[in-house]
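The file work.cif contains mmCIF, C-alpha atoms:
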data_upload
#
loop_
_atom_site.group_PDB
_atom_site.id
_atom_site.type_symbol
_atom_site.label_atom_id
_atom_site.label_comp_id
_atom_site.auth_asym_id
_atom_site.auth_seq_id
_atom_site.Cartn_x
_atom_site.Cartn_y
_atom_site.Cartn_z
ATOM 1 C CA ILE A 1 86.344 33.541 299.346
ATOM 2 C CA THR A 2 86.850 33.361 295.654
ATOM 3 C CA MET A 3 84.445 34.648 293.050
ATOM 4 C CA GLU A 4 83.537 31.111 292.015
ATOM 5 C CA LEU A 5 82.538 30.113 295.536
ATOM 6 C CA ALA A 6 80.451 33.256 295.869
ATOM 7 C CA LEU A 7 78.637 32.522 292.613
ATOM 8 C CA ASP A 8 77.987 28.917 293.637
ATOM 9 C CA TRP A 9 76.542 30.071 296.959
ATOM 10 C CA LEU A 10 74.310 32.600 295.175
ATOM 11 C CA HIS A 11 72.999 29.990 292.743
ATOM 12 C CA SER A 12 72.262 27.609 295.603
ATOM 13 C CA GLN A 13 70.285 30.270 297.453
ATOM 14 C CA ARG A 14 68.311 31.093 294.342
ATOM 15 C CA ALA A 15 67.578 27.400 293.792
ATOM 16 C CA LYS A 16 66.374 27.037 297.362
ATOM 17 C CA ALA A 17 64.180 30.084 297.000
ATOM 18 C CA SER A 18 62.815 28.846 293.703
ATOM 19 C CA GLY A 19 62.137 25.384 295.156
ATOM 20 C CA ALA A 20 60.345 26.867 298.138
ATOM 21 C CA ALA A 21 58.239 29.046 295.869
ATOM 22 C CA THR A 22 57.393 26.088 293.634
ATOM 23 C CA MET A 23 56.434 24.008 296.659
ATOM 24 C CA ALA A 24 54.261 26.844 297.918
ATOM 25 C CA LEU A 25 52.542 27.089 294.548
ATOM 26 C CA LEU A 26 51.899 23.345 294.507
ATOM 27 C CA MET A 27 50.446 23.447 298.005
ATOM 28 C CA ASP A 28 48.226 26.390 297.076
ATOM 29 C CA ARG A 29 47.010 24.532 293.980
ATOM 30 C CA GLN A 30 46.218 21.363 295.938
ATOM 31 C CA LEU A 31 44.366 23.411 298.537
ATOM 32 C CA ALA A 32 42.371 25.188 295.834
ATOM 33 C CA GLU A 33 41.479 21.869 294.169
ATOM 34 C CA ALA A 34 40.332 20.489 297.517
ATOM 35 C CA HIS A 35 38.077 23.518 297.996
ATOM 36 C CA VAL A 36 36.639 23.038 294.469
ATOM 37 C CA ARG A 37 35.882 19.348 295.138
ATOM 38 C CA ALA A 38 34.210 20.214 298.431
ATOM 39 C CA ALA A 39 32.111 22.877 296.704
ATOM 40 C CA GLU A 40 31.089 20.397 293.976
ATOM 41 C CA ARG A 41 29.992 17.871 296.596
ATOM 42 C CA GLN A 42 27.911 20.504 298.354
ATOM 43 C CA LEU A 43 26.386 21.538 295.020
ATOM 44 C CA ASN A 44 25.483 17.922 294.184
ATOM 45 C CA ARG A 45 23.851 17.431 297.573
ATOM 46 C CA ALA A 46 21.903 20.655 297.149
ATOM 47 C CA GLN A 47 20.711 19.568 293.686
ATOM 48 C CA GLN A 48 19.604 16.195 295.046
ATOM 49 C CA ARG A 49 17.650 17.875 297.836
ATOM 50 C CA LEU A 50 16.061 20.189 295.281
ATOM 51 C CA GLU A 51 15.020 17.249 293.092
ATOM 52 C CA ARG A 52 13.483 15.475 296.089
ATOM 53 C CA MET A 53 11.562 18.602 297.016
ATOM 54 C CA ARG A 54 10.335 19.003 293.443
ATOM 55 C CA GLY A 55 9.243 15.376 293.383
ATOM 56 C CA ALA A 56 7.199 15.887 296.515
ATOM 57 C CA LEU A 57 5.263 18.767 294.964
ATOM 58 C CA PRO A 58 1.991 18.014 293.098
ATOM 59 C CA LEU A 59 2.274 18.090 289.313
ATOM 60 C CA SER A 60 0.821 20.999 287.406
ATOM 61 C CA PRO A 61 -1.616 20.224 284.531
ATOM 62 C CA ASN A 62 1.109 20.994 281.977
ATOM 63 C CA GLU A 63 3.594 18.670 283.693
ATOM 64 C CA LYS A 64 1.009 15.884 283.852
ATOM 65 C CA GLN A 65 0.357 16.247 280.141
ATOM 66 C CA GLN A 66 4.071 16.188 279.351
ATOM 67 C CA ARG A 67 4.608 13.011 281.388
ATOM 68 C CA THR A 68 1.708 11.177 279.707
ATOM 69 C CA VAL A 69 2.712 12.062 276.141
ATOM 70 C CA VAL A 70 4.547 9.220 274.391
ATOM 71 C CA ALA A 71 6.085 9.028 270.956
ATOM 72 C CA ASP A 72 3.707 7.892 268.217
ATOM 73 C CA HIS A 73 3.883 4.424 266.701
ATOM 74 C CA PRO A 74 5.753 4.371 263.354
ATOM 75 C CA ARG A 75 2.532 3.642 261.461
ATOM 76 C CA VAL A 76 1.225 7.092 262.426
ATOM 77 C CA ALA A 77 3.793 8.598 260.050
ATOM 78 C CA GLN A 78 2.190 6.541 257.270
ATOM 79 C CA GLY A 79 -1.269 7.922 257.957
ATOM 80 C CA GLY A 80 -2.354 5.319 260.509
ATOM 81 C CA GLU A 81 -3.179 5.575 264.200
ATOM 82 C CA ASN A 82 -1.524 4.442 267.386
ATOM 83 C CA PRO A 83 -2.472 0.892 268.473
ATOM 84 C CA PRO A 84 -5.047 0.643 271.274
ATOM 85 C CA ASN A 85 -3.451 1.108 274.704
ATOM 86 C CA TRP A 86 -0.181 2.221 273.049
ATOM 87 C CA GLU A 87 0.559 4.504 275.975
ATOM 88 C CA HIS A 88 0.770 1.477 278.282
ATOM 89 C CA PHE A 89 3.429 -0.480 276.403
ATOM 90 C CA ALA A 90 5.164 2.063 274.157
ATOM 91 C CA GLY A 91 8.187 2.079 276.452
ATOM 92 C CA TYR A 92 8.422 -1.683 276.952
ATOM 93 C CA SER A 93 11.887 -3.108 276.469
ATOM 94 C CA ARG A 94 12.645 -6.648 275.315
ATOM 95 C CA GLU A 95 13.329 -7.621 278.925
ATOM 96 C CA THR A 96 9.985 -6.177 280.038
ATOM 97 C CA TYR A 97 8.093 -8.117 277.354
ATOM 98 C CA GLN A 98 9.805 -11.352 278.347
ATOM 99 C CA GLY A 99 9.252 -10.710 282.045
ATOM 100 C CA GLU A 100 5.521 -10.141 281.557
ATOM 101 C CA GLU A 101 5.219 -13.219 279.337
ATOM 102 C CA VAL A 102 7.025 -15.411 281.869
ATOM 103 C CA LYS A 103 4.641 -14.307 284.625
ATOM 104 C CA GLU A 104 1.621 -14.948 282.365
ATOM 105 C CA GLN A 105 2.802 -18.429 281.386
ATOM 106 C CA ASP A 106 3.424 -19.264 285.050
ATOM 107 C CA ARG A 107 -0.133 -18.171 285.885
ATOM 108 C CA ARG A 108 -1.574 -20.289 283.082
ATOM 109 C CA ALA A 109 0.335 -23.346 284.296
ATOM 110 C CA ILE A 110 -1.566 -23.386 287.618
ATOM 111 C CA PRO A 111 -4.067 -26.280 287.464
ATOM 112 C CA ILE A 112 -7.737 -25.676 288.253
ATOM 113 C CA ASP A 113 -8.713 -27.023 291.672
ATOM 114 C CA ARG A 114 -12.313 -28.268 291.346
ATOM 115 C CA SER A 115 -12.745 -28.173 295.115
ATOM 116 C CA ARG A 116 -12.328 -24.401 295.112
ATOM 117 C CA THR A 117 -15.375 -22.319 294.289
ATOM 118 C CA ASP A 118 -14.289 -19.143 296.034
ATOM 119 C CA HIS A 119 -12.733 -16.278 294.122
ATOM 120 C CA SER A 120 -11.561 -12.709 294.593
ATOM 121 C CA LEU A 121 -11.352 -11.443 291.031
ATOM 122 C CA PRO A 122 -10.848 -7.658 290.753
ATOM 123 C CA ARG A 123 -13.728 -6.007 288.925
ATOM 124 C CA GLY A 124 -11.577 -3.061 287.813
ATOM 125 C CA ASP A 125 -12.796 -0.440 285.362
ATOM 126 C CA GLU A 126 -12.579 0.226 281.621
ATOM 127 C CA SER A 127 -8.878 -0.707 281.480
ATOM 128 C CA ARG A 128 -8.373 -2.923 284.540
ATOM 129 C CA GLY A 129 -9.878 -5.990 286.109
ATOM 130 C CA TRP A 130 -10.310 -9.603 284.984
ATOM 131 C CA PHE A 131 -12.576 -8.713 282.042
ATOM 132 C CA SER A 132 -11.358 -5.303 280.865
ATOM 133 C CA HIS A 133 -7.631 -5.231 281.651
ATOM 134 C CA TRP A 134 -5.888 -3.716 278.632
ATOM 135 C CA ARG A 135 -3.508 -6.675 278.265
ATOM 136 C CA ARG A 136 -4.833 -9.656 280.236
ATOM 137 C CA GLY A 137 -8.584 -9.046 280.209
ATOM 138 C CA VAL A 138 -10.815 -11.946 279.131
ATOM 139 C CA GLY A 139 -12.942 -9.588 277.043
ATOM 140 C CA GLY A 140 -9.955 -8.501 274.982
ATOM 141 C CA VAL A 141 -8.808 -12.105 274.511
ATOM 142 C CA LEU A 142 -12.242 -13.126 273.208
ATOM 143 C CA ARG A 143 -12.354 -10.175 270.826
ATOM 144 C CA GLY A 144 -8.852 -11.011 269.642
ATOM 145 C CA TRP A 145 -9.947 -14.500 268.610
ATOM 146 C CA ALA A 146 -13.453 -13.578 267.421
ATOM 147 C CA GLY A 147 -12.417 -11.305 264.582
ATOM 148 C CA GLY A 148 -15.635 -9.327 264.958
ATOM 149 C CA SER A 149 -17.941 -12.400 264.950
ATOM 150 C CA LEU A 150 -20.576 -12.677 267.674
ATOM 151 C CA GLY A 151 -21.018 -16.332 266.776
ATOM 152 C CA ALA A 152 -17.359 -16.905 267.536
ATOM 153 C CA VAL A 153 -17.806 -15.348 270.996
ATOM 154 C CA VAL A 154 -20.808 -17.594 271.710
ATOM 155 C CA HIS A 155 -18.918 -20.642 270.476
ATOM 156 C CA MET A 156 -15.857 -19.892 272.624
ATOM 157 C CA LEU A 157 -17.936 -19.292 275.756
ATOM 158 C CA ALA A 158 -19.927 -22.500 275.216
ATOM 159 C CA GLU A 159 -16.796 -24.525 274.449
ATOM 160 C CA SER A 160 -15.048 -23.090 277.495
ATOM 161 C CA ALA A 161 -17.940 -24.131 279.720
ATOM 162 C CA ARG A 162 -17.834 -27.627 278.236
ATOM 163 C CA ARG A 163 -14.051 -28.017 278.390
ATOM 164 C CA PHE A 164 -13.860 -26.794 281.976
ATOM 165 C CA ASP A 165 -16.860 -29.052 282.741
ATOM 166 C CA VAL A 166 -18.819 -26.262 284.391
ATOM 167 C CA VAL A 167 -22.059 -26.291 282.354
ATOM 168 C CA ASP A 168 -24.214 -27.101 285.382
ATOM 169 C CA LEU A 169 -22.355 -24.625 287.603
ATOM 170 C CA LEU A 170 -22.747 -21.975 284.928
ATOM 171 C CA ALA A 171 -26.465 -22.689 284.720
ATOM 172 C CA ASP A 172 -26.807 -22.182 288.468
ATOM 173 C CA LYS A 173 -24.884 -18.918 288.201
ATOM 174 C CA LEU A 174 -27.234 -17.690 285.449
ATOM 175 C CA GLY A 175 -30.374 -18.869 287.225
ATOM 176 C CA LEU A 176 -31.209 -21.573 284.665
ATOM 177 C CA LYS A 177 -32.730 -24.981 285.249
ATOM 178 C CA ARG A 178 -32.569 -28.111 283.137
ATOM 179 C CA THR A 179 -35.707 -29.406 281.364
ATOM 180 C CA LYS A 180 -36.273 -32.290 278.963
ATOM 181 C CA ILE A 181 -35.601 -30.087 275.941
ATOM 182 C CA GLY A 182 -32.872 -27.793 277.220
ATOM 183 C CA TRP A 183 -32.308 -25.007 279.699
ATOM 184 C CA THR A 184 -35.121 -22.739 280.930
ATOM 185 C CA ARG A 185 -34.810 -19.497 282.785
ATOM 186 C CA SER A 186 -37.681 -19.821 285.197
ATOM 187 C CA SER A 187 -37.963 -16.141 286.084
ATOM 188 C CA GLN A 188 -38.633 -14.988 282.511
ATOM 189 C CA ARG A 189 -39.897 -18.176 280.773
ATOM 190 C CA TRP A 190 -36.939 -17.840 278.468
ATOM 191 C CA ARG A 191 -35.771 -21.136 276.980
ATOM 192 C CA MET A 192 -32.234 -21.724 275.810
ATOM 193 C CA HIS A 193 -31.191 -24.969 274.125
ATOM 194 C CA ALA A 194 -27.721 -26.056 275.162
ATOM 195 C CA THR A 195 -27.596 -28.321 272.099
ATOM 196 C CA LEU A 196 -29.896 -28.867 269.128
ATOM 197 C CA LYS A 197 -31.461 -32.321 269.089
ATOM 198 C CA CYS A 198 -31.375 -33.392 265.441
ATOM 199 C CA SER A 199 -32.937 -36.468 263.896
ATOM 200 C CA ARG A 200 -31.344 -38.560 261.216
ATOM 201 C CA PRO A 201 -30.889 -36.969 257.737
ATOM 202 C CA GLY A 202 -33.857 -37.404 255.427
ATOM 203 C CA THR A 203 -36.596 -37.103 258.032
ATOM 204 C CA PRO A 204 -39.228 -34.369 257.603
ATOM 205 C CA ARG A 205 -37.979 -32.415 260.595
ATOM 206 C CA ALA A 206 -34.239 -31.987 260.859
ATOM 207 C CA CYS A 207 -34.195 -30.571 264.389
ATOM 208 C CA VAL A 208 -36.586 -30.149 267.283
#
Since I need it in another form, could you write the structure as structure tokens?
Amino acid sequence: ITMELALDWLHSQRAKASGAATMALLMDRQLAEAHVRAAERQLNRAQQRLERMRGALPLSPNEKQQRTVVADHPRVAQGGENPPNWEHFAGYSRETYQGEEVKEQDRRAIPIDRSRTDHSLPRGDESRGWFSHWRRGVGGVLRGWAGGSLGAVVHMLAESARRFDVVDLLADKLGLKRTKIGWTRSSQRWRMHATLKCSRPGTPRACV
């Protein structure tokens, strides 16, 4: 055996040893990474369980207050106040606005069936129900058009009764009866003229 052959054999053995060590290191690293991934999955599952448990617990007064607080409208920074019912729609997105409007327009497109006199309108409370709902309530719609005028409210109610052709039905609902000169509430002798009967211009008495 020559010196050259001996050196070649020694280098080959060292290379094999080095390759085996490198392979062992790679395997150890892959095993460690697998353990880390498994631990992360267990941690995520534990966090999810914790969140579910927290969600099942009743809210403390401080947490309730934090959840109900919304950012002020920009006009507050200029010395103004938040719009009425701001907390209900402060977080509305463009898609939410359009979705609500589409549903409202679909509801308004339903024709009135004159054969139906039954109803199941929700009475609600100060912010819900057919009259007081913060967005769809009839009371809010009337105030929005009235501009503070009581006469405008009376006019809209009277015109609505006429346009829906429910004057007589409305009179029955209010306990009124028709007389020669108008409507009379029999229980209180209270007379309400549905329309003023006016004579021609120039006569001594304009209306009776």
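Using only C-alpha atoms, the nearest neighbour of Arg108 (chain A) within the list A:Arg49, A:Arg136, A:Arg163, A:His73 is A:Arg136.
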Notebook entry, point to check: Using all atoms listed in the file, which residues sit within 9 Å of region 82-95 of chain A once same-chain residues fewer than 6 positions away are excluded, as a ChimeraX atom specification?
Noted result: /A:68-76,127,134-135
Next item on the list: Extract, using all atoms listed in the file, all DNA, RNA and protein residues at most 12 Å from Gly140 (chain A), discarding same-chain residues fewer than 2 positions from it, and format them as a PyMOL selection string.
Entry: chain A and resi 84-85+126-138+142-148+153
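Nearest-residue note for Arg114 (chain A): choosing from A:Ala46, A:Val154, A:Leu169, A:Ala21, the minimum distance belongs to A:Leu169, counting all atoms listed in the file.
Distance-wise, CA of Arg162 (chain A) and CA of Ile112 (chain A) end up 14.4 Å apart.
CA of Glu100 (chain A) lies 29.0 Å from CA of Ala158 (chain A).
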